[in-house]
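Trainee: Structure: data.cif, mmCIF, C-alpha atoms.
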data_run
#
loop_
_atom_site.label_atom_id
_atom_site.label_comp_id
_atom_site.auth_asym_id
_atom_site.auth_seq_id
_atom_site.Cartn_x
_atom_site.Cartn_y
_atom_site.Cartn_z
CA MET C 7 63.63 107.19 81.96
CA LYS C 8 65.82 110.32 82.08
CA ASN C 9 67.61 109.03 85.21
CA ASP C 10 68.26 105.68 83.51
CA ARG C 11 69.73 107.44 80.49
CA ASP C 12 71.89 109.65 82.73
CA LEU C 13 73.20 106.57 84.53
CA MET C 14 73.95 104.87 81.21
CA ARG C 15 75.77 108.00 79.99
CA ARG C 16 77.90 107.97 83.14
CA ILE C 17 78.63 104.26 82.72
CA GLN C 18 79.58 104.80 79.08
CA ARG C 19 81.96 107.57 80.04
CA ALA C 20 83.57 105.41 82.75
CA ARG C 21 83.98 102.54 80.29
CA VAL C 22 85.71 104.80 77.76
CA VAL C 23 88.16 105.93 80.47
CA VAL C 24 88.75 102.34 81.63
CA VAL C 25 89.72 101.34 78.08
CA ARG C 26 92.34 104.09 77.99
CA PHE C 27 93.75 104.07 81.50
CA GLY C 28 93.21 100.45 82.51
CA THR C 29 95.86 99.66 79.93
CA VAL C 30 98.31 102.01 81.67
CA VAL C 31 97.47 100.45 85.06
CA GLU C 32 98.25 96.96 83.75
CA ALA C 33 101.24 97.82 81.52
CA GLY C 34 104.05 97.14 84.01
CA LEU C 35 105.54 100.62 83.61
CA SER C 36 106.77 100.72 87.20
CA ARG C 37 108.65 98.05 89.10
CA GLU C 38 107.38 99.52 92.39
CA TRP C 39 103.75 99.46 91.21
CA THR C 40 104.05 95.89 89.97
CA GLU C 41 105.78 94.60 93.11
CA THR C 42 103.27 96.34 95.38
CA VAL C 43 100.06 95.21 93.67
CA THR C 44 100.92 91.78 92.24
CA ASP C 45 100.17 89.68 95.34
CA GLU C 46 97.11 91.66 96.37
CA PRO C 47 93.77 89.83 95.97
CA GLU C 48 92.26 93.05 94.57
CA TRP C 49 94.79 92.97 91.73
CA LEU C 50 93.61 89.54 90.65
CA ALA C 51 89.98 90.54 91.19
CA LEU C 52 90.52 93.62 89.01
CA ARG C 53 90.94 91.57 85.81
CA ASP C 54 87.28 90.57 85.45
CA PRO C 55 85.71 94.01 85.88
CA LEU C 56 88.30 95.58 83.57
CA SER C 57 87.64 92.94 80.93
CA THR C 58 83.88 93.40 81.21
CA MET C 59 84.17 97.17 80.95
CA ARG C 60 86.31 96.89 77.80
CA ASP C 61 83.98 94.44 76.06
CA GLU C 62 81.44 96.62 74.29
CA SER C 63 78.99 93.71 74.02
CA SER C 64 78.93 93.24 77.81
CA ALA C 65 76.24 94.82 79.92
CA VAL C 66 77.72 96.94 82.70
CA SER C 67 75.60 97.79 85.71
CA ILE C 68 76.16 100.07 88.65
CA GLU C 69 77.09 96.93 90.62
CA SER C 70 79.88 96.24 88.10
CA ILE C 71 81.11 99.78 88.59
CA SER C 72 80.97 99.38 92.37
CA ASN C 73 83.05 96.18 92.16
CA LEU C 74 85.64 97.93 90.03
CA LEU C 75 85.64 100.90 92.39
CA GLU C 76 86.26 98.62 95.38
CA CYS C 77 89.21 96.88 93.70
CA ILE C 78 90.80 100.11 92.47
CA GLY C 79 90.26 101.86 95.80
CA SER C 80 91.97 99.04 97.68
CA LEU C 81 94.98 99.21 95.37
CA LEU C 82 95.28 102.98 95.72
CA ASP C 83 95.12 102.59 99.51
CA LEU C 84 98.41 100.65 99.37
CA TRP C 85 100.17 104.03 99.11
CA ASP C 86 100.18 106.56 101.95
CA GLU C 87 100.78 109.39 99.53
CA GLU C 88 100.89 109.99 95.81
CA PRO C 89 103.97 108.21 94.45
CA MET C 90 106.62 109.87 92.33
CA GLY C 91 108.64 108.68 89.37
CA SER C 92 107.36 105.90 87.15
CA THR C 93 104.85 104.72 89.77
CA TYR C 94 103.00 108.00 89.37
CA TYR C 95 101.57 106.93 86.01
CA PRO C 96 99.83 103.65 86.89
CA TYR C 97 98.77 105.17 90.21
CA LYS C 98 97.22 108.25 88.58
CA SER C 99 95.64 106.09 85.88
CA ALA C 100 94.01 103.98 88.60
CA GLU C 101 92.91 107.19 90.29
CA LEU C 102 91.31 108.43 87.05
CA ILE C 103 89.35 105.17 86.84
CA GLU C 104 88.36 105.53 90.50
CA LEU C 105 87.12 109.10 89.96
CA HIS C 106 85.02 108.05 86.98
CA CYS C 107 83.55 105.12 88.92
CA ARG C 108 82.72 107.51 91.76
CA MET C 109 80.99 109.74 89.20
CA VAL C 110 78.78 106.78 88.24
CA THR C 111 77.96 105.85 91.85
CA ARG C 112 77.43 109.53 92.64
CA ASP C 113 80.12 109.51 95.33
CA LEU C 114 81.69 112.32 93.33
CA PRO C 115 79.35 115.27 92.96
CA ASP C 116 78.81 116.79 89.54
CA ASN C 117 79.92 120.15 90.93
CA ALA C 118 83.18 118.85 92.43
CA PRO C 119 85.84 121.58 92.73
CA VAL C 120 87.95 119.86 90.07
CA GLY C 121 85.99 118.29 87.25
CA LEU C 122 86.82 115.00 85.55
CA ASP C 123 87.92 116.71 82.33
CA GLU C 124 90.43 118.73 84.34
CA TRP C 125 91.84 115.57 85.97
CA LEU C 126 92.25 113.99 82.53
CA GLY C 127 93.89 117.16 81.24
CA ARG C 128 96.30 117.27 84.17
CA PHE C 129 97.36 113.68 83.52
CA ALA C 130 97.91 114.40 79.82
CA ARG C 131 99.95 117.51 80.63
CA HIS C 132 102.08 115.47 83.02
CA VAL C 133 102.73 112.88 80.30
CA ASP C 134 103.69 115.70 77.91
CA TRP C 135 106.04 117.06 80.60
CA GLN C 136 107.59 113.58 81.03
CA MET C 137 108.16 113.34 77.29
CA THR C 138 109.91 116.71 77.23
CA LYS C 139 111.95 115.88 80.33
CA SER C 140 113.05 112.59 78.76
CA GLY C 141 113.97 114.27 75.47
CA ILE C 142 111.33 112.43 73.48
CA GLU C 143 109.83 114.42 70.64
CA LEU C 144 106.30 113.51 69.63
CA GLU C 145 104.46 114.39 66.43
CA VAL C 146 103.28 117.71 67.85
CA PRO C 147 104.07 119.67 71.00
CA GLN C 148 101.69 118.88 73.86
CA TYR C 149 100.58 115.77 72.00
CA PHE C 150 98.73 114.11 74.89
CA THR C 151 97.01 117.33 75.94
CA ALA C 152 95.66 117.67 72.39
CA LEU C 153 94.76 113.96 72.35
CA GLU C 154 92.66 114.33 75.51
CA GLU C 155 90.92 117.36 74.02
CA SER C 156 89.96 115.33 70.94
CA LEU C 157 88.75 112.46 73.13
CA LYS C 158 86.73 114.87 75.26
CA ALA C 159 84.85 115.97 72.15
CA LYS C 160 83.90 112.36 71.42
CA GLU C 161 82.93 111.70 75.04
CA ARG C 162 80.57 114.69 74.99
CA GLN C 163 78.54 112.83 72.35
CA LEU C 164 77.75 110.07 74.86
CA ASN C 165 74.14 110.23 75.96
CA GLY C 166 73.43 106.72 77.20
CA ALA C 167 71.41 105.78 74.13
CA ASN C 168 73.47 106.47 71.00
CA GLU C 169 75.37 103.23 70.40
CA ALA C 170 77.30 104.68 67.45
CA ALA C 171 78.70 107.50 69.63
CA PHE C 172 79.65 104.94 72.29
CA HIS C 173 81.47 102.72 69.77
CA THR C 174 83.27 105.75 68.32
CA ALA C 175 84.41 106.91 71.77
CA MET C 176 85.51 103.39 72.75
CA ALA C 177 87.48 102.99 69.51
CA ALA C 178 89.21 106.35 69.99
CA SER C 179 90.07 105.47 73.59
CA ARG C 180 91.30 102.04 72.52
CA GLU C 181 93.63 103.72 70.01
CA ALA C 182 94.90 106.19 72.63
CA ALA C 183 95.78 103.53 75.22
CA PRO C 184 98.88 102.10 73.48
CA ARG C 185 100.02 105.62 72.61
CA TYR C 186 100.16 106.41 76.32
CA VAL C 187 101.84 103.12 77.16
CA ASP C 188 104.42 103.26 74.37
CA ALA C 189 105.34 106.88 75.08
CA LEU C 190 105.62 106.31 78.82
CA ARG C 191 107.58 103.09 78.35
CA SER C 192 110.07 104.98 76.16
CA ALA C 193 110.33 107.86 78.61
CA LEU C 194 110.60 105.75 81.76
CA THR C 195 112.95 103.03 80.54
CA ASP C 196 116.69 103.34 80.67
CA SER C 197 119.36 100.76 80.05
CA ARG C 198 118.52 98.99 83.33
CA GLY C 199 114.83 98.56 82.49
CA PRO C 200 111.71 100.15 84.04
CA ARG C 201 112.35 102.29 87.10
#
Turn this file's structure into structure tokens for me.
Mentor:
Amino acid sequence: MKNDRDLMRRIQRARVVVVRFGTVVEAGLSREWTETVTDEPEWLALRDPLSTMRDESSAVSIESISNLLECIGSLLDLWDEEPMGSTYYPYKSAELIELHCRMVTRDLPDNAPVGLDEWLGRFARHVDWQMTKSGIELEVPQYFTALEESLKAKERQLNGANEAAFHTAMAASREAAPRYVDALRSALTDSRGPR
């Protein structure tokens, strides 16, 4: 029973991350990202697992996670190295989803040299850096870093059984997703459109 609960906790955590960063992956923030992935069969196949993961009433199994992991991994493999510029954000968002799926399937050890919270923090710090670089002032300095810290507190309540904690974490992640997208869209768009 403990192993089942641990697996459900891991799945819950992955689902919370998918709600937040799947939105960034799909947002069309980067012309290069969009042009590279659009005709790939994995891009079309990605829609169903993302939708299932976001729907709190849907049951998500380890097979669902494996399907999502396969789609995301194939998309990430389209790049030989980590992209720069606006493509960095959907790429890194996809990578965050991949890492969390690997945590569920146990392809990522619990004692990995860089933990999942650190990867999330690094992404948030990079978004804060992009805001500063673009001259966009948010409500508070280091807004996204603080946002991830608050989300981490909610995600620590996930235990695989407490449905209220899961709904709370999903709602908070759902609220954070458009904040990321809107801020990045503002920072990455100039008069010619997305870069």
Trainee: Would you write out, as a PyMOL selection string, every residue that the PyMOL selection byres ((chain C and resi 74) around 12) captures in this file?
Mentor: chain C and resi 17+20-21+24+28+48-59+66-73+75-81+100-101+103-108+110-111
Trainee: So what do you get for atom CA of Tyr94 of chain C versus atom CA of Asp45 of chain C, distance-wise?
Mentor: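 One can read the atom CA of Tyr94 of chain C to atom CA of Asp45 of chain C distance as 19.5 Å.
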Trainee: Pull out every residue that the PyMOL selection byres ((chain C and resi 147-154) around 6) matches in the shown coordinates and put them as a list of chain:residue names.
Mentor: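 Selected by the PyMOL selection byres ((chain C and resi 147-154) around 6) in this file: C:Ala130, C:Arg131, C:Asp134, C:Val146, C:Glu155, C:Ser156, C:Leu157, C:Lys158.
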Trainee: One decimal, in Å: what's the spacing between atom CA of Gly166 of chain C and atom CA of Leu114 of chain C?
Mentor: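 These atoms are spaced 19.0 Å apart.
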Trainee: State, in Å with one decimal place, the distance from atom CA of Phe172 of chain C to atom CA of Gln18 of chain C.
Mentor: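 Result for atom CA of Phe172 of chain C versus atom CA of Gln18 of chain C: 6.8 Å, one decimal.
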Trainee: May I ask which of the residues C:Ala182, C:Val31, C:Val43, C:Ala193 is the closest one to Glu143 of chain C, counting all atoms listed in the file?
Mentor: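 For Glu143 of chain C, the nearest of the candidates is C:Ala193.
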Trainee: As a PDB file with C-alpha atoms, in the coordinates of the input, please: the residues near Val30 of chain C (cut-off 10 Å, all atoms listed in the file, same-chain neighbours under 5 positions excluded).
Mentor:
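Generated file (out_26.pdb):
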ATOM      1  CA  VAL C  24      88.750 102.340  81.630  1.00  0.00           C
ATOM      2  CA  VAL C  25      89.720 101.340  78.080  1.00  0.00           C
ATOM      3  CA  LEU C  35     105.540 100.620  83.610  1.00  0.00           C
ATOM      4  CA  TYR C  95     101.570 106.930  86.010  1.00  0.00           C
ATOM      5  CA  PRO C  96      99.830 103.650  86.890  1.00  0.00           C
ATOM      6  CA  TYR C  97      98.770 105.170  90.210  1.00  0.00           C
ATOM      7  CA  LYS C  98      97.220 108.250  88.580  1.00  0.00           C
ATOM      8  CA  SER C  99      95.640 106.090  85.880  1.00  0.00           C
ATOM      9  CA  ALA C 100      94.010 103.980  88.600  1.00  0.00           C
ATOM     10  CA  ALA C 183      95.780 103.530  75.220  1.00  0.00           C
ATOM     11  CA  PRO C 184      98.880 102.100  73.480  1.00  0.00           C
ATOM     12  CA  ARG C 185     100.020 105.620  72.610  1.00  0.00           C
ATOM     13  CA  TYR C 186     100.160 106.410  76.320  1.00  0.00           C
ATOM     14  CA  VAL C 187     101.840 103.120  77.160  1.00  0.00           C
ATOM     15  CA  ASP C 188     104.420 103.260  74.370  1.00  0.00           C
ATOM     16  CA  LEU C 190     105.620 106.310  78.820  1.00  0.00           C
ATOM     17  CA  ARG C 191     107.580 103.090  78.350  1.00  0.00           C
TER      18      ARG C 191
END
Trainee: Identify, on the basis of all atoms listed in the file, every residue whose closest approach to Thr174 of chain C does not exceed 12 Å; exclude the query and any residue fewer than 4 positions from it along the same chain; express the result as an NGL selection string.
Mentor: :C and (18-19 or 22 or 62 or 156-164 or 168-170 or 178-181)
Trainee: Based on the selection just made, write C-alpha atoms of those residues as a PDB file, in the frame of the given file.
Mentor:
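result19.pdb, freshly written:
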ATOM      1  CA  GLN C  18      79.580 104.800  79.080  1.00  0.00           C
ATOM      2  CA  ARG C  19      81.960 107.570  80.040  1.00  0.00           C
ATOM      3  CA  VAL C  22      85.710 104.800  77.760  1.00  0.00           C
ATOM      4  CA  GLU C  62      81.440  96.620  74.290  1.00  0.00           C
ATOM      5  CA  SER C 156      89.960 115.330  70.940  1.00  0.00           C
ATOM      6  CA  LEU C 157      88.750 112.460  73.130  1.00  0.00           C
ATOM      7  CA  LYS C 158      86.730 114.870  75.260  1.00  0.00           C
ATOM      8  CA  ALA C 159      84.850 115.970  72.150  1.00  0.00           C
ATOM      9  CA  LYS C 160      83.900 112.360  71.420  1.00  0.00           C
ATOM     10  CA  GLU C 161      82.930 111.700  75.040  1.00  0.00           C
ATOM     11  CA  ARG C 162      80.570 114.690  74.990  1.00  0.00           C
ATOM     12  CA  GLN C 163      78.540 112.830  72.350  1.00  0.00           C
ATOM     13  CA  LEU C 164      77.750 110.070  74.860  1.00  0.00           C
ATOM     14  CA  ASN C 168      73.470 106.470  71.000  1.00  0.00           C
ATOM     15  CA  GLU C 169      75.370 103.230  70.400  1.00  0.00           C
ATOM     16  CA  ALA C 170      77.300 104.680  67.450  1.00  0.00           C
ATOM     17  CA  ALA C 178      89.210 106.350  69.990  1.00  0.00           C
ATOM     18  CA  SER C 179      90.070 105.470  73.590  1.00  0.00           C
ATOM     19  CA  ARG C 180      91.300 102.040  72.520  1.00  0.00           C
ATOM     20  CA  GLU C 181      93.630 103.720  70.010  1.00  0.00           C
TER      21      GLU C 181
END
Trainee: For Arg60 of chain C, which of C:Thr195, C:Ser92, C:Thr42, C:Thr29 is the closest residue, counting all atoms listed in the file?
Mentor: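 Nearest to Arg60 of chain C: C:Thr29.
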